[in-house]
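See below for query_13.txt, which holds compact mmCIF, C-alpha atoms and all ligand atoms.
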# COMPACT_ATOMS: atom_id res chain seq x y z
CA MET A 1267 -122.29 155.83 56.36
CA HIS A 1268 -121.73 159.50 55.65
CA ILE A 1269 -121.75 161.84 58.62
CA ASP A 1270 -121.42 165.53 58.00
CA GLU A 1271 -118.25 167.03 59.45
CA LEU A 1272 -120.05 169.49 61.71
CA GLU A 1273 -122.38 166.77 62.91
CA ARG A 1274 -119.38 164.60 63.75
CA TYR A 1275 -117.88 167.38 65.88
CA TRP A 1276 -121.13 167.71 67.78
CA LEU A 1277 -121.34 163.95 68.32
CA ILE A 1278 -117.81 164.00 69.72
CA ALA A 1279 -118.57 167.02 71.92
CA VAL A 1280 -121.71 165.38 73.32
CA SER A 1281 -119.91 162.08 73.94
CA VAL A 1282 -117.04 163.81 75.76
CA THR A 1283 -119.51 165.81 77.89
CA LEU A 1284 -121.48 162.71 78.83
CA GLY A 1285 -118.22 160.90 79.62
CA VAL A 1286 -117.11 163.71 81.94
CA PHE A 1287 -120.49 163.76 83.71
CA THR A 1288 -120.47 159.98 84.14
CA ALA A 1289 -116.91 160.07 85.50
CA ALA A 1290 -117.87 162.85 87.95
CA LEU A 1291 -120.89 160.88 89.15
CA LEU A 1292 -118.87 157.69 89.66
CA ALA A 1293 -116.07 159.62 91.41
CA SER A 1294 -118.56 161.29 93.79
CA VAL A 1295 -119.96 157.90 94.79
CA PHE A 1296 -116.85 155.71 94.90
CA ILE A 1297 -114.07 158.17 95.76
CA PHE A 1298 -115.85 160.84 97.83
CA GLY A 1299 -118.54 158.60 99.33
CA VAL A 1300 -121.44 160.90 98.47
CA ARG A 1301 -124.75 159.24 99.28
CA LEU A 1302 -128.31 160.41 98.89
CA PRO A 1303 -129.92 161.08 102.24
CA SER A 1304 -132.34 158.28 102.98
CA PRO A 1305 -134.67 157.61 105.89
CA VAL A 1306 -133.10 155.61 108.71
CA GLY A 1307 -136.41 154.36 110.02
CA ARG A 1308 -140.16 154.40 109.69
CA ILE A 1309 -142.62 155.47 112.31
CA ASP A 1310 -146.34 156.06 112.77
CA PRO A 1311 -146.68 159.87 112.83
CA THR A 1312 -150.06 159.64 114.60
CA ASN A 1313 -148.51 157.68 117.45
CA LEU A 1314 -145.29 159.53 118.29
CA GLU A 1315 -146.15 159.28 122.00
CA ASN A 1316 -145.16 155.63 121.94
CA THR A 1317 -141.87 156.08 120.11
CA GLU A 1318 -138.41 157.44 120.75
CA PHE A 1319 -139.94 160.86 119.89
CA ALA A 1320 -142.27 160.80 122.91
CA GLU A 1321 -139.88 163.12 124.75
CA PRO A 1322 -138.04 165.17 122.16
CA GLY A 1323 -134.82 166.80 123.26
CA LEU A 1324 -131.12 166.42 123.73
CA ARG A 1325 -129.45 163.42 125.35
CA ASP A 1326 -125.86 163.51 126.55
CA MET A 1327 -124.14 160.34 125.41
CA GLY A 1328 -120.83 161.36 127.05
CA ASP A 1329 -117.49 162.23 125.48
CA GLY A 1330 -118.88 165.26 123.65
CA GLN A 1331 -121.46 163.12 121.85
CA TYR A 1332 -125.13 164.03 121.92
CA THR A 1333 -128.28 162.60 120.41
CA ALA A 1334 -131.14 164.96 119.64
CA HIS A 1335 -134.69 163.91 118.86
CA ILE A 1336 -136.63 166.67 117.17
CA VAL A 1337 -140.26 166.72 116.08
CA ALA A 1338 -141.31 169.12 113.34
CA GLN A 1339 -144.92 170.18 113.16
CA MET A 1340 -147.03 173.11 111.99
CA TRP A 1341 -145.26 175.50 112.74
CA ASN A 1342 -142.42 174.84 115.08
CA PHE A 1343 -139.69 172.45 116.08
CA MET A 1344 -139.85 170.61 119.38
CA PRO A 1345 -137.74 171.47 121.25
CA ARG A 1346 -137.36 174.97 119.89
CA GLU A 1347 -133.97 175.51 121.48
CA ILE A 1348 -130.94 173.28 122.01
CA ARG A 1349 -127.78 174.15 123.92
CA VAL A 1350 -124.50 172.30 123.44
CA PRO A 1351 -120.92 173.13 124.37
CA VAL A 1352 -118.54 173.97 121.57
CA GLY A 1353 -116.90 170.89 120.01
CA SER A 1354 -120.01 168.74 120.43
CA GLU A 1355 -121.02 166.17 117.88
CA VAL A 1356 -124.79 165.85 117.67
CA LEU A 1357 -126.68 163.07 115.96
CA PHE A 1358 -130.04 164.54 114.97
CA ASN A 1359 -133.01 162.22 114.57
CA VAL A 1360 -135.85 164.22 113.12
CA THR A 1361 -139.38 163.43 112.04
CA SER A 1362 -142.56 165.27 111.15
CA ARG A 1363 -145.83 164.93 112.99
CA ASP A 1364 -148.08 166.22 110.21
CA ILE A 1365 -146.87 167.27 106.76
CA THR A 1366 -143.62 167.73 104.86
CA HIS A 1367 -141.19 170.11 106.55
CA GLY A 1368 -137.54 170.97 106.06
CA PHE A 1369 -134.59 170.92 108.45
CA PHE A 1370 -131.69 173.19 107.62
CA ILE A 1371 -129.03 174.23 110.13
CA GLU A 1372 -127.55 177.61 109.41
CA ALA A 1373 -123.81 177.58 108.60
CA HIS A 1374 -123.54 173.81 108.91
CA ASN A 1375 -123.77 170.91 106.50
CA ALA A 1376 -127.26 169.77 107.48
CA ASN A 1377 -130.20 169.79 105.14
CA LEU A 1378 -133.00 167.26 105.50
CA MET A 1379 -136.48 166.83 104.14
CA LEU A 1380 -138.88 165.66 106.82
CA LEU A 1381 -141.73 163.43 105.79
CA PRO A 1382 -144.36 162.16 108.22
CA GLY A 1383 -143.70 158.48 108.78
CA GLN A 1384 -139.96 158.68 108.18
CA ILE A 1385 -137.02 159.35 110.49
CA ALA A 1386 -134.29 161.50 108.94
CA GLN A 1387 -130.83 161.61 110.43
CA VAL A 1388 -127.79 163.84 110.21
CA ARG A 1389 -124.62 164.12 112.28
CA VAL A 1390 -123.27 167.61 112.87
CA THR A 1391 -120.17 168.87 114.65
CA PHE A 1392 -120.42 172.30 116.24
CA ASP A 1393 -116.86 173.57 116.38
CA ARG A 1394 -117.45 177.27 116.92
CA PRO A 1395 -119.64 179.12 119.38
CA GLY A 1396 -122.70 181.01 118.27
CA GLU A 1397 -126.42 180.86 117.63
CA PHE A 1398 -127.47 178.89 114.59
CA HIS A 1399 -131.01 178.74 113.39
CA ILE A 1400 -132.82 175.59 112.39
CA ILE A 1401 -134.94 176.62 109.44
CA CYS A 1402 -137.87 174.90 107.78
CA HIS A 1403 -137.17 175.21 104.08
CA GLU A 1404 -140.16 173.31 102.70
CA TYR A 1405 -143.29 175.39 102.29
CA CYS A 1406 -145.69 173.99 104.89
CA GLY A 1407 -148.56 176.43 105.08
CA PRO A 1408 -149.37 179.94 106.27
CA GLY A 1409 -147.04 179.72 109.30
CA HIS A 1410 -144.05 178.43 107.31
CA GLN A 1411 -142.01 181.62 107.57
CA ASN A 1412 -142.24 181.48 111.39
CA MET A 1413 -141.03 177.90 111.64
CA PHE A 1414 -137.54 177.93 113.08
CA GLY A 1415 -135.54 176.77 116.05
CA VAL A 1416 -132.14 177.66 117.41
CA ILE A 1417 -129.00 175.81 118.41
CA ILE A 1418 -126.89 177.68 120.90
CA VAL A 1419 -123.29 176.55 120.86
CA GLU A 1420 -121.70 177.69 124.08
CA ASP A 1421 -118.08 178.40 124.71
CA PRO A 1422 -117.46 176.92 128.19
CA ALA A 1423 -115.08 179.78 128.98
CA THR A 1424 -117.80 182.41 128.54
CA ALA A 1425 -120.84 180.37 129.49
CA GLY A 1426 -119.50 179.63 132.95
CA ILE A 1427 -119.68 175.87 132.47
CA THR A 1428 -117.13 174.02 134.54
CA GLU A 1429 -116.04 170.46 133.99
CU1 LIG A 1501 -142.43 173.65 108.19
CU2 LIG A 1501 -142.13 175.18 106.36
Would you kindly transcribe this structure into structure tokens?
Ligand code: CUA
Amino acid sequence: MHIDELERYWLIAVSVTLGVFTAALLASVFIFGVRLPSPVGRIDPTNLENTEFAEPGLRDMGDGQYTAHIVAQMWNFMPREIRVPVGSEVLFNVTSRDITHGFFIEAHNANLMLLPGQIAQVRVTFDRPGEFHIICHEYCGPGHQNMFGVIIVEDPATAGITE
């Protein structure tokens, strides 16, 4: 079979490119452990009162570990504000009461899509003090741009917290 020289070069270039992409994909999964975020549970969004989301908020699990349950709804997060001491590791369980919302924590590696009926989860370590916004980054209606919360990471030395 005759293949034009230029066409052969392009075939080689495309094959090498696909090979590199495939290798990068396999390396991200098997070497770096990258996984797609997936829901950790399912829930009836019309019946949150009878679930673990009945009383959203922060729970101290001891040893610098916290669990936070957060409900997103048009157009706020419940609770709107969370305070943790610096160095805390927080496991966020988040769900939506109504429609699709987003959950992005400023300056941290947390970015979830919230779908009614699904529980999304992310674990975040807060290793420097400051105020970090929780931002809804999925367009969710006319109040979308006002939908945010805040995480206040307190330095015990300045916040007057004593152990
Ligand atoms: Cu909720 Cu945008």
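Taking atom CA of Gly1396 of chain A and atom CA of Gly1330 of chain A as the two end points, the separation is 17.1 Å.
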All residues within 9 Å of ligand LIG 1501 (chain A) are required, counting all atoms listed in the file; please report them as a ChimeraX atom specification.
/A:1338-1343,1362,1365-1369,1380,1401-1414
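Atom pair atom CA of Val1360 of chain A / atom CA of Gly1323 of chain A has a distance of 10.5 Å (rounded to one decimal).
Between atom CA of Arg1389 of chain A and atom CA of Asp1364 of chain A the separation is 23.6 Å.
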Close residues, Gln1387 of chain A itself excluded, 9 Å, all atoms listed in the file, min 3 positions apart in chain, as a PyMOL selection string:
chain A and resi 1303-1306+1357-1361+1378
Go ahead and write the selection's residues with C-alpha atoms as a PDB file, in the coordinates of the input.
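The file below, selection01.pdb, is the result:
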ATOM      1  CA  PRO A1303    -129.920 161.080 102.240  1.00  0.00           C
ATOM      2  CA  SER A1304    -132.340 158.280 102.980  1.00  0.00           C
ATOM      3  CA  PRO A1305    -134.670 157.610 105.890  1.00  0.00           C
ATOM      4  CA  VAL A1306    -133.100 155.610 108.710  1.00  0.00           C
ATOM      5  CA  LEU A1357    -126.680 163.070 115.960  1.00  0.00           C
ATOM      6  CA  PHE A1358    -130.040 164.540 114.970  1.00  0.00           C
ATOM      7  CA  ASN A1359    -133.010 162.220 114.570  1.00  0.00           C
ATOM      8  CA  VAL A1360    -135.850 164.220 113.120  1.00  0.00           C
ATOM      9  CA  THR A1361    -139.380 163.430 112.040  1.00  0.00           C
ATOM     10  CA  LEU A1378    -133.000 167.260 105.500  1.00  0.00           C
TER      11      LEU A1378
END
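Counting only C-alpha atoms and comparing A:Pro1351, A:Asp1326, A:Val1390, A:Val1300, the residue that lies closest to Ala1423 of chain A is A:Pro1351.
Of the listed residues A:Gly1307, A:Pro1345, A:Gly1299, A:Gly1415, the one whose atoms come nearest to Ala1320 of chain A is A:Pro1345, with distances taken using only C-alpha atoms.
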Regenerate segment 1321-1332 of chain A at the level of all heavy atoms and dump it as an mmCIF file, in the frame of the given file.
data_model
loop_
_atom_site.group_PDB
_atom_site.id
_atom_site.type_symbol
_atom_site.label_atom_id
_atom_site.label_comp_id
_atom_site.auth_asym_id
_atom_site.auth_seq_id
_atom_site.Cartn_x
_atom_site.Cartn_y
_atom_site.Cartn_z
ATOM 1 N N GLU A 1321 -140.454 162.001 124.014
ATOM 2 C CA GLU A 1321 -139.880 163.120 124.750
ATOM 3 C C GLU A 1321 -138.753 163.708 123.922
ATOM 4 O O GLU A 1321 -137.595 163.356 124.124
ATOM 5 C CB GLU A 1321 -139.373 162.666 126.109
ATOM 6 C CG GLU A 1321 -140.495 162.370 127.084
ATOM 7 C CD GLU A 1321 -139.975 161.851 128.418
ATOM 8 O OE1 GLU A 1321 -138.926 162.343 128.867
ATOM 9 O OE2 GLU A 1321 -140.614 160.949 128.979
ATOM 10 N N PRO A 1322 -139.079 164.602 123.000
ATOM 11 C CA PRO A 1322 -138.040 165.170 122.160
ATOM 12 C C PRO A 1322 -137.045 165.965 123.002
ATOM 13 O O PRO A 1322 -137.405 166.491 124.052
ATOM 14 C CB PRO A 1322 -138.787 166.079 121.185
ATOM 15 C CG PRO A 1322 -140.218 165.965 121.499
ATOM 16 C CD PRO A 1322 -140.391 165.161 122.735
ATOM 17 N N GLY A 1323 -135.823 166.031 122.534
ATOM 18 C CA GLY A 1323 -134.820 166.800 123.260
ATOM 19 C C GLY A 1323 -133.442 166.230 123.059
ATOM 20 O O GLY A 1323 -133.226 165.341 122.231
ATOM 21 N N LEU A 1324 -132.530 166.758 123.868
ATOM 22 C CA LEU A 1324 -131.120 166.420 123.730
ATOM 23 C C LEU A 1324 -130.731 165.396 124.792
ATOM 24 O O LEU A 1324 -131.117 165.513 125.941
ATOM 25 C CB LEU A 1324 -130.312 167.715 123.926
ATOM 26 C CG LEU A 1324 -128.829 167.687 123.583
ATOM 27 C CD1 LEU A 1324 -128.631 167.575 122.079
ATOM 28 C CD2 LEU A 1324 -128.154 168.942 124.110
ATOM 29 N N ARG A 1325 -129.975 164.403 124.390
ATOM 30 C CA ARG A 1325 -129.450 163.420 125.350
ATOM 31 C C ARG A 1325 -127.935 163.441 125.285
ATOM 32 O O ARG A 1325 -127.356 163.376 124.198
ATOM 33 C CB ARG A 1325 -129.958 162.018 125.010
ATOM 34 C CG ARG A 1325 -131.306 161.714 125.668
ATOM 35 C CD ARG A 1325 -132.096 160.705 124.900
ATOM 36 N NE ARG A 1325 -133.415 161.277 124.601
ATOM 37 C CZ ARG A 1325 -134.350 160.689 123.878
ATOM 38 N NH1 ARG A 1325 -134.132 159.509 123.354
ATOM 39 N NH2 ARG A 1325 -135.509 161.265 123.667
ATOM 40 N N ASP A 1326 -127.316 163.503 126.459
ATOM 41 C CA ASP A 1326 -125.860 163.510 126.550
ATOM 42 C C ASP A 1326 -125.362 162.084 126.538
ATOM 43 O O ASP A 1326 -125.652 161.305 127.444
ATOM 44 C CB ASP A 1326 -125.449 164.233 127.843
ATOM 45 C CG ASP A 1326 -123.948 164.479 127.895
ATOM 46 O OD1 ASP A 1326 -123.217 163.890 127.080
ATOM 47 O OD2 ASP A 1326 -123.516 165.267 128.762
ATOM 48 N N MET A 1327 -124.634 161.705 125.510
ATOM 49 C CA MET A 1327 -124.140 160.340 125.410
ATOM 50 C C MET A 1327 -122.721 160.235 125.978
ATOM 51 O O MET A 1327 -122.108 159.182 125.921
ATOM 52 C CB MET A 1327 -124.139 159.863 123.947
ATOM 53 C CG MET A 1327 -125.444 160.133 123.210
ATOM 54 S SD MET A 1327 -126.898 159.434 124.026
ATOM 55 C CE MET A 1327 -126.776 157.753 123.449
ATOM 56 N N GLY A 1328 -122.167 161.358 126.485
ATOM 57 C CA GLY A 1328 -120.830 161.360 127.050
ATOM 58 C C GLY A 1328 -119.776 161.591 125.976
ATOM 59 O O GLY A 1328 -120.030 161.361 124.783
ATOM 60 N N ASP A 1329 -118.614 162.088 126.404
ATOM 61 C CA ASP A 1329 -117.490 162.230 125.480
ATOM 62 C C ASP A 1329 -117.760 163.252 124.371
ATOM 63 O O ASP A 1329 -117.256 163.107 123.261
ATOM 64 C CB ASP A 1329 -117.174 160.872 124.845
ATOM 65 C CG ASP A 1329 -115.751 160.447 125.171
ATOM 66 O OD1 ASP A 1329 -115.127 161.116 126.014
ATOM 67 O OD2 ASP A 1329 -115.288 159.451 124.594
ATOM 68 N N GLY A 1330 -118.572 164.245 124.651
ATOM 69 C CA GLY A 1330 -118.880 165.260 123.650
ATOM 70 C C GLY A 1330 -119.877 164.812 122.598
ATOM 71 O O GLY A 1330 -120.084 165.496 121.604
ATOM 72 N N GLN A 1331 -120.482 163.642 122.806
ATOM 73 C CA GLN A 1331 -121.460 163.120 121.850
ATOM 74 C C GLN A 1331 -122.874 163.353 122.397
ATOM 75 O O GLN A 1331 -123.127 163.107 123.569
ATOM 76 C CB GLN A 1331 -121.265 161.613 121.661
ATOM 77 C CG GLN A 1331 -119.874 161.207 121.250
ATOM 78 C CD GLN A 1331 -119.652 161.395 119.761
ATOM 79 O OE1 GLN A 1331 -120.515 161.051 118.960
ATOM 80 N NE2 GLN A 1331 -118.511 161.958 119.420
ATOM 81 N N TYR A 1332 -123.748 163.807 121.530
ATOM 82 C CA TYR A 1332 -125.130 164.030 121.920
ATOM 83 C C TYR A 1332 -126.055 163.408 120.873
ATOM 84 O O TYR A 1332 -125.693 163.289 119.711
ATOM 85 C CB TYR A 1332 -125.448 165.522 122.006
ATOM 86 C CG TYR A 1332 -124.709 166.229 123.112
ATOM 87 C CD1 TYR A 1332 -123.407 166.671 122.916
ATOM 88 C CD2 TYR A 1332 -125.310 166.444 124.345
ATOM 89 C CE1 TYR A 1332 -122.714 167.316 123.935
ATOM 90 C CE2 TYR A 1332 -124.636 167.085 125.367
ATOM 91 C CZ TYR A 1332 -123.333 167.519 125.156
ATOM 92 O OH TYR A 1332 -122.664 168.159 126.158
#
